[in-house]
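A.B. asks: I have a structure I would like to understand better, so I am pasting it below and will then ask my questions one at a time.
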Amino acid sequence: MIEKKIILLVEDNADDEKLILLSLKKSKITNDVVVVRDGQEALDYLLGSKDKPETLRPTVTLLDLHLPKIDGLEVLQRLRADERTKLLPVVVLTSSDEESDRVRSYSLGANSYVCKPVDFVDFAAAVRELGLYWLLLNRPCP
Amino acid sequence: MKLQFKFLALLVPTGLLAAISVLILIQRAVHEVVIGGQERTAILLARAAAQDAAAGMKSGSEAEVLPVLQTLQRRKDAVYVAALDPRGRITAHTTVTEKGKTPVDEFTSAALRAEAPVVQPSLERGEPVLLVAMPIWSPAPASTAEDFLLSGDSPQGPQERLGTLKFAVPLRGAQETESGIIREISLIVLIIGALALGLVVALVRGMLAPIRGMMTGIARVSAGQFDVSVPVLSRDELGQLAESFNIMSGELARTTVSKEYVEGVLENMYDLLVVTDPQGYIETANRAAADTLGDGGVIGRPLAALFESPPKGEVVHDVEVMLHTKDGGLTPALFSSSVLRDRNGRLLGYIGVAKDITERKRTEVALVEAKLAAEAASRELETFSYSVAHDLRAPLRAVDGFSQILLAEYSGKLDAEGTDYLKRVRAGSQRMGRLIDDLLDLSRIERGAMTLADVDLSALAADIAAELRKAEPGRRVEFVAAPDLKARGDPDLLRLALVNLIANAWKYTSKHPTARIEFGTRTQDGRTVYFVRDDGAGFDMSMAKRLFQPFTRLHASAEFEGTGIGLATVSRIVARHEGRVWAEGEVERGAVFNFTLWEGKS
C-alpha cells in the first residue's frame with residue numbers, strides 16, 4: 001500500500017541523516033528513503049543529468065537549507081522552475097529558525113517548513129509526524 | 001550762536017548801561033557838590049559884599065567901594081571883582097585900569113537887568129571861571145538890626161538899584177577836584193565792572209559745562225555707542241538732566257544692541273554675509289565673505305555671480321549651493337536670503353547668508369561610509385547568528401539524539417552509573433540548545449524591524465499562563481491579570497517579554513506549595529507602569545540591577561533552571577519600545593518586575 005512511496009532526504013549532516021532514519025524506523029515507516037548529500041545530487045536525482053536519466057519521483061522531499069555545492073533554497077527555486085517538479089511536495093527541514101529563511105522558503109514554493117528540534121524526543125516526534133502526514137494523509141497533486 | 005555768547009550778549013550791554021548810568025549820576029552828584037558849592041559860597045560872599053558896598057555906591061565913592069571889592073577878591077581868590085553902576089559902567093575894579101570901561105557882553109547885560117544874583121561859568125583869558133553878578137541895592141531906611149534879621153536878605157519895600165557887583169572866581173581847582181574824583185570813581189566802577197564780567201563769564205561757563213558734557217555724550221550715543229554716562233555736577237535742573245541722560249543711555253545700552261556691537265557680530269561671525277543694493281549688487285560683505293568669496297573682490301559684483309548656479313527666488317532657506325571661492329575653486333554651502341526693507345516697506349536690498357558646509361559634506365560622506373560599514377557588520381552578524389543556529393544545533397542534536405538512543409536501546413548493557421552519565425550528557429546538550437535559542441532570540445530583538453500594533457496584553461498574559469498551566473497541571477498557582485490592558489508595540493516582541501516575565505514568576509514560585517502571580521498596571525509620576533508580581537523566591541535587592549545583564553543568574557541551575565538571558569531579553573524589548581524596566585524583590589517574599597513603554601511620548 002505504501003511500498004511505492006519513497007522519501008527523498010536531502011541532508012549533508014551524517015548525524016542528522018542517521019537520526020532521521022532511526023526516527024522513521026521507530027515510527028514503523030518502512031518506505032524507501034533516498035538520501036542525497038548535497039544540492040547538486042538532489043537536482044540530479046530529481047531532474048536528471050547528462051549521465052543519468054531522471055529517476056522515480058519521491059512522494060515527499062525533505063530538504064535541508066545549508067547544503068554543499070548548491071544551497072537548499074536554490075534547489076527549491078530550480079525545482080519550482082521546472083515543469084516536472086513544479087508541484088512536487090517539498091518540506092524544508094532545517095536547523096534554522098530564521099525569519100528570513102522561512103519567508104524565502106515559502107516564497108519559493110515550499111509546502112512546509114519544519115525546524116529541527118535539538119531535543120531528540122521532540123525531533124523524533126517531528127519526523128514521525130512528517131512521515132505520517134506526507135505519506136498517508138496528504139493527497140498529492142496527480 | 002553759542003549759548004555762552006548769547007548769555008554775554010545779554011549781560012554785557014546791560015552791565016555797561018548800568019555802569020554808564022551810575023557814572024553819569026555820580027558825575028552829576030560830584031559836580032553839584034564841587035561846582036555847586038563854589039557857586040553857593042560865591043553868592044553868599046557876593047551878597048555880603050554888595051551890602052558892604054551899598055553905601056559907597058550910593059555916595060559914589062570909589063575909595064569906599066574898592067576895599068570891599070579887594071576883601072571879596074582875597075576871600076574868594078577871585079580873578080577880579082568889579083562894581084558897575086546901573087548903566088553898566090565900571091565904577092570900581094580890582095584892576096585899576098578897567099575903571100570907567102563899559103563891558104558889553106551878554107552876561108553883563110543880563111546881570112544888569114536881573115534883580116537876583118546871576119551865576120555863569122565862563123572863560124577868562126583861557127581859564128575856566130565862574131562869573132557871578134549880584135545886584136547892589138540901597139540900604140533899607142531906618143533899619144534896625146532886628147528888622148534886618150526879620151527881613152532876611154530880601155530887599156524890603158522899594159529900594160533903589162545902586163549897581164551891580166560882578167566878579168570872576170577861578171574854577172580850575174574845583175574842576176580838577178571834580179575830574180579827579182570822577183576819575184577815581186570811574187576806575188573803581190571799571191574794576192567792579194571787569195570783575196563782574198569775569199564772574200559772569202565764569203558763571204556762564206560753569207553753567208554750560210554740564211551741557212557741553214551732555215553734548216559730547218549725545219554725540220557718542222548718536223554715533224551708536226550707547227553705554228555713555230556723563231558726570232552729574234550739580235543738584236539743580238542741569239544735574240537732573242544729566243541724571244536723566246545717564247538713565248536713558250543706560251537703558252539704551254541695556255535694551256539696544258549698539259551699532260558697534262552689531263558690526264562686531266557681523267564682522268566676526270563664521271558664516272558669510274553679504275548685503276546688496278536693490279539691484280542685487282553687493283554693497284557690504286563681512287570678513288568671512290570677503291576672505292572666502294569671489295576672485296577679485298566681492299563688493300560691487302552682482303550677488304548671482306557668486307554662485308555656480310544661483311538659487312531661484314528672492315527668499316530662500318538653507319539651499320545647497322556651490323560658491324566660487326577666491327582661489328578659483330568651488331565650495332559647498334548652505335545659502336539663505338531675505339529681502340531688506342525700510343520701515344515704509346521700500347526695498348533697500350537683499351541679505352544673503354552662506355554657511356560653508358565643506359566639513360559637513362566630508363562628515364556626511366564619512367557617515368555614509370560608517371553606515372555602510374555598520375550595515376556590512378550587521379549583515380556579518382546575521383550570517384554569524386545564522387551559522388550559530390545551524391552549525392551549533394546540528395552537533396547538539398547528534399549528542400542528544402544518540403545519547404537518547406543509547407539510553408533507550410542499550411540500557412541493558414549499561415550499569416546505573418553509565419546511565420546517569422548519559423543522562424547528564426543529555427541534560428547538558430539540552431541546556432546548551434536552550435542557550436543557543438535564547439541567544440538567537442536576544443540578537444533577533446536588536447536586528448528585526450518592529451511592526452507596531454495595538455496589543456491586548458491582558459489576553460496575551462492569560463494565554464501564556466494557560467500554556468504554563470498546561471505544561472505543569474499539578475501546580476497550584478492563582479493567576480490574576482487586570483482586564484483590558486492594551487499597549488502599542490510589536491506583538492511578537494511584547495509577547496516574548498511577557499513570556500519571559502510570567503514564566504520567570506511561574507518558575508520562581510515553584511518551590512512554594514501555592515503561589516499567586518499578578519499582572520497589572522499602576523500609575524506612577526503620571527505614567528502607566530506595567531508589572532508582574534509573584535510571591536516566590538524573590539531576590540536580594542542589592543542584585544536588582546544585575547538581573548537584566550545577560551548570563552546573570554542569582555540562583556544555581558540545580559535550584560532553578562535557566563540560561564540567564566530571559567531578563568536581558570525583556571530589558572532589550574522594553575528599550576526598543578522606549579521604556580524602562582526595573583525589579584523589586586525580597587528573598588522568599590516575592591518579586592515585582594515593572595516596565596514602562598514609550599517614555600519619550602506623552
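Naming works like this for the C-alpha cells: A, B, ... for the chains as they're shown, residue 1 at the start of each chain, ligands 1 onward in shown order.
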Excluding A:Ser27 and any residue of its chain fewer than 4 positions from it, enumerate the residues within 12 Å of it, using only C-alpha atoms, and give them as a VMD selection string.

C.D. replies: chain A and resid 20 to 23 31 124 to 132

A.B. asks: If you keep N, CA and C atoms, can you produce a file of those selected residues as a PDB file, in the first residue's frame?

C.D. replies:
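What ended up in selection.pdb:
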```pdb
ATOM      1  N   ILE A  20      17.314  10.873  11.565  1.00  0.00           N
ATOM      2  CA  ILE A  20      16.042  10.889  10.832  1.00  0.00           C
ATOM      3  C   ILE A  20      15.649   9.448  10.458  1.00  0.00           C
ATOM      4  N   LEU A  21      16.663   8.742   9.971  1.00  0.00           N
ATOM      5  CA  LEU A  21      16.348   7.377   9.563  1.00  0.00           C
ATOM      6  C   LEU A  21      15.896   6.541  10.761  1.00  0.00           C
ATOM      7  N   LEU A  22      16.596   6.729  11.890  1.00  0.00           N
ATOM      8  CA  LEU A  22      16.223   5.997  13.101  1.00  0.00           C
ATOM      9  C   LEU A  22      14.810   6.348  13.554  1.00  0.00           C
ATOM     10  N   SER A  23      14.517   7.653  13.479  1.00  0.00           N
ATOM     11  CA  SER A  23      13.197   8.114  13.897  1.00  0.00           C
ATOM     12  C   SER A  23      12.115   7.499  13.014  1.00  0.00           C
ATOM     13  N   ASN A  31       9.064   2.912   4.341  1.00  0.00           N
ATOM     14  CA  ASN A  31       9.228   3.302   2.938  1.00  0.00           C
ATOM     15  C   ASN A  31      10.699   3.495   2.622  1.00  0.00           C
ATOM     16  N   ALA A 124      12.371  13.304  17.081  1.00  0.00           N
ATOM     17  CA  ALA A 124      11.814  12.029  16.603  1.00  0.00           C
ATOM     18  C   ALA A 124      10.312  12.174  16.352  1.00  0.00           C
ATOM     19  N   ALA A 125       9.658  12.907  17.259  1.00  0.00           N
ATOM     20  CA  ALA A 125       8.218  13.107  17.106  1.00  0.00           C
ATOM     21  C   ALA A 125       7.916  13.888  15.832  1.00  0.00           C
ATOM     22  N   ALA A 126       8.748  14.915  15.578  1.00  0.00           N
ATOM     23  CA  ALA A 126       8.532  15.746  14.400  1.00  0.00           C
ATOM     24  C   ALA A 126       8.684  14.910  13.124  1.00  0.00           C
ATOM     25  N   VAL A 127       9.738  14.103  13.096  1.00  0.00           N
ATOM     26  CA  VAL A 127       9.980  13.294  11.898  1.00  0.00           C
ATOM     27  C   VAL A 127       8.836  12.306  11.671  1.00  0.00           C
ATOM     28  N   ARG A 128       8.371  11.738  12.745  1.00  0.00           N
ATOM     29  CA  ARG A 128       7.267  10.776  12.662  1.00  0.00           C
ATOM     30  C   ARG A 128       6.010  11.440  12.105  1.00  0.00           C
ATOM     31  N   GLU A 129       5.700  12.604  12.643  1.00  0.00           N
ATOM     32  CA  GLU A 129       4.520  13.349  12.182  1.00  0.00           C
ATOM     33  C   GLU A 129       4.620  13.660  10.696  1.00  0.00           C
ATOM     34  N   LEU A 130       5.812  14.097  10.319  1.00  0.00           N
ATOM     35  CA  LEU A 130       6.026  14.458   8.915  1.00  0.00           C
ATOM     36  C   LEU A 130       5.783  13.239   8.010  1.00  0.00           C
ATOM     37  N   GLY A 131       6.398  12.139   8.410  1.00  0.00           N
ATOM     38  CA  GLY A 131       6.269  10.921   7.589  1.00  0.00           C
ATOM     39  C   GLY A 131       4.814  10.517   7.447  1.00  0.00           C
ATOM     40  N   LEU A 132       4.122  10.498   8.579  1.00  0.00           N
ATOM     41  CA  LEU A 132       2.734  10.053   8.536  1.00  0.00           C
ATOM     42  C   LEU A 132       1.889  10.996   7.699  1.00  0.00           C
TER      43      LEU A 132
END
```

A.B. asks: Compute the chain B side of the contact with chain A at 12 Å, counting only C-alpha atoms, and hand it back as a ChimeraX atom specification.

C.D. replies: /B:382-409,426-437,440-441,443-444,447-449

A.B. asks: Write out the residues from the selection above, keeping N, CA and C atoms, as a CSV table (one decimal), in the first residue's frame.

C.D. replies:
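And here's out.csv as it stands now:
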```
chain,number,residue,atom,x,y,z
B,382,GLU,N,24.5,38.8,11.2
B,382,GLU,CA,23.3,38.0,10.8
B,382,GLU,C,23.8,36.6,10.3
B,383,THR,N,24.8,36.7,9.5
B,383,THR,CA,25.3,35.4,8.9
B,383,THR,C,25.9,34.6,10.1
B,384,PHE,N,26.5,35.3,11.0
B,384,PHE,CA,27.1,34.6,12.1
B,384,PHE,C,26.0,33.9,13.0
B,385,SER,N,24.9,34.7,13.3
B,385,SER,CA,23.8,34.1,14.0
B,385,SER,C,23.3,32.9,13.3
B,386,TYR,N,23.2,33.1,12.0
B,386,TYR,CA,22.6,32.0,11.2
B,386,TYR,C,23.4,30.7,11.3
B,387,SER,N,24.7,30.9,11.2
B,387,SER,CA,25.6,29.7,11.3
B,387,SER,C,25.6,29.2,12.8
B,388,VAL,N,25.4,30.1,13.7
B,388,VAL,CA,25.3,29.6,15.1
B,388,VAL,C,24.1,28.7,15.2
B,389,ALA,N,23.0,29.2,14.7
B,389,ALA,CA,21.8,28.4,14.8
B,389,ALA,C,21.9,27.1,14.1
B,390,HIS,N,22.4,27.1,12.9
B,390,HIS,CA,22.5,25.9,12.2
B,390,HIS,C,23.6,25.0,12.7
B,391,ASP,N,24.8,25.6,12.7
B,391,ASP,CA,26.0,24.7,12.9
B,391,ASP,C,26.2,24.3,14.4
B,392,LEU,N,25.6,25.0,15.3
B,392,LEU,CA,25.7,24.5,16.7
B,392,LEU,C,24.6,23.6,17.1
B,393,ARG,N,23.5,23.8,16.4
B,393,ARG,CA,22.3,23.0,16.8
B,393,ARG,C,22.5,21.5,16.3
B,394,ALA,N,23.1,21.4,15.1
B,394,ALA,CA,23.2,20.1,14.5
B,394,ALA,C,24.0,19.1,15.3
B,395,PRO,N,25.3,19.6,15.8
B,395,PRO,CA,26.0,18.7,16.6
B,395,PRO,C,25.3,18.4,17.9
B,396,LEU,N,24.6,19.4,18.5
B,396,LEU,CA,23.9,19.2,19.7
B,396,LEU,C,22.8,18.1,19.6
B,397,ARG,N,22.2,18.2,18.4
B,397,ARG,CA,21.1,17.2,18.2
B,397,ARG,C,21.7,15.8,18.1
B,398,ALA,N,22.9,15.7,17.5
B,398,ALA,CA,23.5,14.4,17.5
B,398,ALA,C,23.9,13.9,18.9
B,399,VAL,N,24.4,14.8,19.7
B,399,VAL,CA,24.8,14.4,21.1
B,399,VAL,C,23.5,13.9,21.8
B,400,ASP,N,22.5,14.8,21.7
B,400,ASP,CA,21.2,14.5,22.4
B,400,ASP,C,20.6,13.2,21.8
B,401,GLY,N,20.5,13.2,20.5
B,401,GLY,CA,19.9,12.0,19.8
B,401,GLY,C,20.5,10.7,20.2
B,402,PHE,N,21.8,10.7,20.0
B,402,PHE,CA,22.5,9.4,20.2
B,402,PHE,C,22.5,9.0,21.7
B,403,SER,N,22.6,9.9,22.6
B,403,SER,CA,22.6,9.6,24.0
B,403,SER,C,21.2,9.0,24.3
B,404,GLN,N,20.2,9.6,23.7
B,404,GLN,CA,18.8,9.2,23.9
B,404,GLN,C,18.7,7.7,23.4
B,405,ILE,N,19.2,7.5,22.2
B,405,ILE,CA,19.1,6.2,21.7
B,405,ILE,C,19.8,5.2,22.5
B,406,LEU,N,21.0,5.6,23.0
B,406,LEU,CA,21.8,4.7,23.9
B,406,LEU,C,21.0,4.4,25.1
B,407,LEU,N,20.3,5.4,25.7
B,407,LEU,CA,19.5,5.2,26.9
B,407,LEU,C,18.4,4.2,26.6
B,408,ALA,N,17.7,4.4,25.5
B,408,ALA,CA,16.5,3.7,25.2
B,408,ALA,C,16.9,2.2,24.8
B,409,GLU,N,17.9,2.1,24.0
B,409,GLU,CA,18.1,0.8,23.3
B,409,GLU,C,19.2,0.0,23.9
B,426,ARG,N,22.9,14.3,28.1
B,426,ARG,CA,21.6,14.8,27.5
B,426,ARG,C,21.2,16.1,28.1
B,427,ALA,N,21.2,16.1,29.4
B,427,ALA,CA,20.8,17.4,30.1
B,427,ALA,C,21.7,18.6,29.6
B,428,GLY,N,23.0,18.3,29.6
B,428,GLY,CA,23.9,19.3,29.2
B,428,GLY,C,23.6,19.8,27.7
B,429,SER,N,23.4,18.9,26.9
B,429,SER,CA,23.1,19.3,25.5
B,429,SER,C,21.8,20.0,25.3
B,430,GLN,N,20.8,19.6,26.1
B,430,GLN,CA,19.6,20.3,26.1
B,430,GLN,C,19.7,21.8,26.6
B,431,ARG,N,20.4,21.9,27.7
B,431,ARG,CA,20.6,23.2,28.2
B,431,ARG,C,21.3,24.1,27.2
B,432,MET,N,22.3,23.5,26.5
B,432,MET,CA,23.1,24.3,25.5
B,432,MET,C,22.1,24.7,24.4
B,433,GLY,N,21.2,23.8,24.1
B,433,GLY,CA,20.3,24.1,23.0
B,433,GLY,C,19.4,25.3,23.4
B,434,ARG,N,19.0,25.3,24.6
B,434,ARG,CA,18.1,26.5,25.0
B,434,ARG,C,18.9,27.8,25.0
B,435,LEU,N,20.2,27.6,25.5
B,435,LEU,CA,21.1,28.7,25.5
B,435,LEU,C,21.2,29.3,24.1
B,436,ILE,N,21.4,28.5,23.1
B,436,ILE,CA,21.5,29.0,21.8
B,436,ILE,C,20.2,29.6,21.3
B,437,ASP,N,19.1,29.0,21.6
B,437,ASP,CA,17.9,29.6,21.2
B,437,ASP,C,17.6,31.0,21.8
B,440,LEU,N,19.9,33.6,20.3
B,440,LEU,CA,19.3,34.0,18.9
B,440,LEU,C,18.1,34.9,19.1
B,441,ASP,N,17.3,34.6,20.1
B,441,ASP,CA,16.2,35.5,20.4
B,441,ASP,C,16.7,36.9,20.7
B,443,SER,N,19.5,38.3,20.0
B,443,SER,CA,20.1,39.1,18.9
B,443,SER,C,19.0,39.5,17.9
B,444,ARG,N,18.0,38.7,17.8
B,444,ARG,CA,16.9,39.0,16.9
B,444,ARG,C,16.1,40.2,17.3
B,447,ARG,N,17.9,43.2,15.9
B,447,ARG,CA,18.0,43.3,14.5
B,447,ARG,C,16.7,43.5,13.8
B,448,GLY,N,15.7,42.8,14.2
B,448,GLY,CA,14.4,42.8,13.5
B,448,GLY,C,13.7,44.1,13.4
B,449,ALA,N,13.0,44.3,12.3
B,449,ALA,CA,12.2,45.5,12.2
B,449,ALA,C,11.0,45.4,13.1
```

A.B. asks: Could you name the residues that touch stretch 300-310 of chain B at 9 Å or less, counting only C-alpha atoms, but leaving out those on the same chain fewer than 2 positions away, as a list in words?

C.D. replies: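 Counting only the stated atoms, we get Val274, Val275, Thr276, Gln279, Gly280, Tyr281, Ile282, Glu283, Thr284, Leu293, Gly294, Gly297, Val298, Lys312, Val321, Met322, Leu323, His324, Thr325, Leu330 and Gly352 of chain B.
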
A.B. asks: Per DSSP on the backbone, filter chain A down to the residues in alpha helix (DSSP H) and report them as a tab-separated table (two decimals) with N, CA and C atoms, in the first residue's frame.

C.D. replies:
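The file below, selection_8.tsv, is the result:
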```tsv
chain	number	residue	atom	x	y	z
A	14	ALA	N	25.66	13.80	8.49
A	14	ALA	CA	25.50	12.36	8.65
A	14	ALA	C	24.74	12.01	9.93
A	15	ASP	N	24.98	12.81	10.97
A	15	ASP	CA	24.29	12.57	12.24
A	15	ASP	C	22.79	12.76	12.08
A	16	ASP	N	22.44	13.90	11.46
A	16	ASP	CA	21.03	14.18	11.25
A	16	ASP	C	20.39	13.09	10.39
A	17	GLU	N	21.15	12.68	9.37
A	17	GLU	CA	20.63	11.65	8.47
A	17	GLU	C	20.30	10.39	9.28
A	18	LYS	N	21.28	10.02	10.12
A	18	LYS	CA	21.11	8.82	10.91
A	18	LYS	C	19.91	8.95	11.86
A	19	LEU	N	19.81	10.11	12.49
A	19	LEU	CA	18.73	10.32	13.46
A	19	LEU	C	17.36	10.29	12.77
A	20	ILE	N	17.31	10.87	11.57
A	20	ILE	CA	16.04	10.89	10.83
A	20	ILE	C	15.65	9.45	10.46
A	21	LEU	N	16.66	8.74	9.97
A	21	LEU	CA	16.35	7.38	9.56
A	21	LEU	C	15.90	6.54	10.76
A	22	LEU	N	16.60	6.73	11.89
A	22	LEU	CA	16.22	6.00	13.10
A	22	LEU	C	14.81	6.35	13.55
A	23	SER	N	14.52	7.65	13.48
A	23	SER	CA	13.20	8.11	13.90
A	23	SER	C	12.11	7.50	13.01
A	24	LEU	N	12.35	7.47	11.71
A	24	LEU	CA	11.37	6.91	10.79
A	24	LEU	C	11.16	5.44	11.10
A	25	LYS	N	12.31	4.75	11.36
A	25	LYS	CA	12.26	3.33	11.62
A	25	LYS	C	11.44	3.05	12.89
A	26	LYS	N	11.71	3.89	13.92
A	26	LYS	CA	10.99	3.73	15.18
A	26	LYS	C	9.50	3.99	15.01
A	39	GLY	N	23.17	19.70	-2.83
A	39	GLY	CA	22.17	20.27	-3.70
A	39	GLY	C	22.27	19.75	-5.13
A	40	GLN	N	23.50	19.61	-5.56
A	40	GLN	CA	23.70	19.13	-6.92
A	40	GLN	C	23.12	17.72	-7.08
A	41	GLU	N	23.43	16.86	-6.12
A	41	GLU	CA	22.91	15.48	-6.15
A	41	GLU	C	21.40	15.49	-6.15
A	42	ALA	N	20.82	16.36	-5.35
A	42	ALA	CA	19.36	16.44	-5.27
A	42	ALA	C	18.77	16.79	-6.62
A	43	LEU	N	19.36	17.80	-7.27
A	43	LEU	CA	18.85	18.22	-8.58
A	43	LEU	C	19.05	17.11	-9.61
A	44	ASP	N	20.22	16.47	-9.52
A	44	ASP	CA	20.48	15.37	-10.46
A	44	ASP	C	19.43	14.28	-10.32
A	45	TYR	N	19.12	13.98	-9.06
A	45	TYR	CA	18.16	12.92	-8.80
A	45	TYR	C	16.79	13.29	-9.34
A	46	LEU	N	16.37	14.50	-9.09
A	46	LEU	CA	15.00	14.90	-9.43
A	46	LEU	C	14.84	15.31	-10.89
A	47	LEU	N	15.83	15.97	-11.44
A	47	LEU	CA	15.67	16.50	-12.80
A	47	LEU	C	16.50	15.73	-13.82
A	72	GLY	N	20.17	24.89	-0.44
A	72	GLY	CA	18.82	24.35	-0.40
A	72	GLY	C	17.79	25.26	-1.06
A	73	LEU	N	17.91	26.56	-0.82
A	73	LEU	CA	16.94	27.49	-1.40
A	73	LEU	C	17.04	27.53	-2.92
A	74	GLU	N	18.27	27.39	-3.40
A	74	GLU	CA	18.43	27.39	-4.87
A	74	GLU	C	17.86	26.11	-5.47
A	75	VAL	N	18.08	25.00	-4.75
A	75	VAL	CA	17.49	23.73	-5.20
A	75	VAL	C	15.98	23.91	-5.35
A	76	LEU	N	15.38	24.49	-4.31
A	76	LEU	CA	13.94	24.70	-4.32
A	76	LEU	C	13.51	25.57	-5.51
A	77	GLN	N	14.28	26.62	-5.71
A	77	GLN	CA	13.97	27.54	-6.80
A	77	GLN	C	13.99	26.81	-8.15
A	78	ARG	N	15.04	26.02	-8.34
A	78	ARG	CA	15.17	25.30	-9.63
A	78	ARG	C	14.07	24.26	-9.80
A	79	LEU	N	13.69	23.60	-8.71
A	79	LEU	CA	12.62	22.60	-8.81
A	79	LEU	C	11.31	23.27	-9.22
A	80	ARG	N	11.06	24.45	-8.62
A	80	ARG	CA	9.81	25.14	-8.92
A	80	ARG	C	9.82	25.71	-10.33
A	81	ALA	N	11.03	25.95	-10.84
A	81	ALA	CA	11.12	26.49	-12.20
A	81	ALA	C	10.92	25.40	-13.25
A	99	GLU	N	13.69	34.01	10.48
A	99	GLU	CA	12.50	34.51	9.79
A	99	GLU	C	12.77	34.63	8.29
A	100	SER	N	13.95	35.11	7.96
A	100	SER	CA	14.26	35.33	6.54
A	100	SER	C	14.24	34.01	5.77
A	101	ASP	N	14.74	32.96	6.42
A	101	ASP	CA	14.73	31.66	5.75
A	101	ASP	C	13.30	31.16	5.53
A	102	ARG	N	12.46	31.39	6.54
A	102	ARG	CA	11.07	30.94	6.41
A	102	ARG	C	10.38	31.68	5.27
A	103	VAL	N	10.60	33.01	5.28
A	103	VAL	CA	9.94	33.83	4.26
A	103	VAL	C	10.39	33.40	2.86
A	104	ARG	N	11.69	33.24	2.69
A	104	ARG	CA	12.19	32.89	1.35
A	104	ARG	C	11.75	31.49	0.92
A	105	SER	N	11.72	30.58	1.89
A	105	SER	CA	11.30	29.21	1.56
A	105	SER	C	9.86	29.19	1.05
A	106	TYR	N	8.99	29.85	1.81
A	106	TYR	CA	7.59	29.85	1.37
A	106	TYR	C	7.43	30.61	0.07
A	107	SER	N	8.19	31.71	-0.07
A	107	SER	CA	8.10	32.49	-1.31
A	107	SER	C	8.49	31.65	-2.52
A	120	PHE	N	16.06	15.32	21.18
A	120	PHE	CA	15.81	14.19	20.28
A	120	PHE	C	14.38	13.66	20.39
A	121	VAL	N	13.80	13.74	21.58
A	121	VAL	CA	12.42	13.27	21.73
A	121	VAL	C	11.51	14.08	20.82
A	122	ASP	N	11.68	15.42	20.88
A	122	ASP	CA	10.87	16.29	20.01
A	122	ASP	C	11.19	16.03	18.54
A	123	PHE	N	12.49	15.83	18.30
A	123	PHE	CA	12.93	15.63	16.92
A	123	PHE	C	12.29	14.37	16.33
A	124	ALA	N	12.37	13.30	17.08
A	124	ALA	CA	11.81	12.03	16.60
A	124	ALA	C	10.31	12.17	16.35
A	125	ALA	N	9.66	12.91	17.26
A	125	ALA	CA	8.22	13.11	17.11
A	125	ALA	C	7.92	13.89	15.83
A	126	ALA	N	8.75	14.91	15.58
A	126	ALA	CA	8.53	15.75	14.40
A	126	ALA	C	8.68	14.91	13.12
A	127	VAL	N	9.74	14.10	13.10
A	127	VAL	CA	9.98	13.29	11.90
A	127	VAL	C	8.84	12.31	11.67
A	128	ARG	N	8.37	11.74	12.75
A	128	ARG	CA	7.27	10.78	12.66
A	128	ARG	C	6.01	11.44	12.10
A	129	GLU	N	5.70	12.60	12.64
A	129	GLU	CA	4.52	13.35	12.18
A	129	GLU	C	4.62	13.66	10.70
A	130	LEU	N	5.81	14.10	10.32
A	130	LEU	CA	6.03	14.46	8.92
A	130	LEU	C	5.78	13.24	8.01
A	131	GLY	N	6.40	12.14	8.41
A	131	GLY	CA	6.27	10.92	7.59
A	131	GLY	C	4.81	10.52	7.45
A	132	LEU	N	4.12	10.50	8.58
A	132	LEU	CA	2.73	10.05	8.54
A	132	LEU	C	1.89	11.00	7.70
```

A.B. asks: Which value, in Å to one decimal, gives the distance between atom CA of A:Trp134 and atom CA of A:Ser112?

C.D. replies: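 Spanning atom CA of A:Trp134 to atom CA of A:Ser112 is a straight-line distance of 10.3 Å.
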
A.B. asks: If you measure from atom CA of B:Asp271 to atom CA of B:Ala289, what distance in Å do you get, rounded to one decimal?

C.D. replies: 7.7 Å

A.B. asks: Compile the contact shell of A:Ile7 as a list in words: residues with an atom at most 7 Å away, counting only C-alpha atoms, same-chain residues fewer than 6 positions apart removed.

C.D. replies: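 Near neighbours after the sequence-gap exclusion: Asp32, Val33, Val34, Pro58, Thr59, Val60 and Thr61 of chain A.
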
A.B. asks: Can you tell me, as a PyMOL selection string, what residues are no more than 9 Å from stretch 521-536 of chain B when counting only C-alpha atoms, ignoring any on the same chain fewer than 2 positions away?

C.D. replies: chain B and resi 482+485+498+501-502+505-512+515-519+538+587-597+599+602

A.B. asks: Which value, in Å to one decimal, gives the distance between atom CA of B:Pro513 and atom CA of B:Arg475?

C.D. replies: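 Atom-to-atom, atom CA of B:Pro513 to atom CA of B:Arg475, that is 7.8 Å.
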
A.B. asks: In stretch 41-129 of chain A, what's strand (DSSP E or B) per DSSP? Answer as a ChimeraX atom specification?

C.D. replies: /A:60-63,90-94,112-115
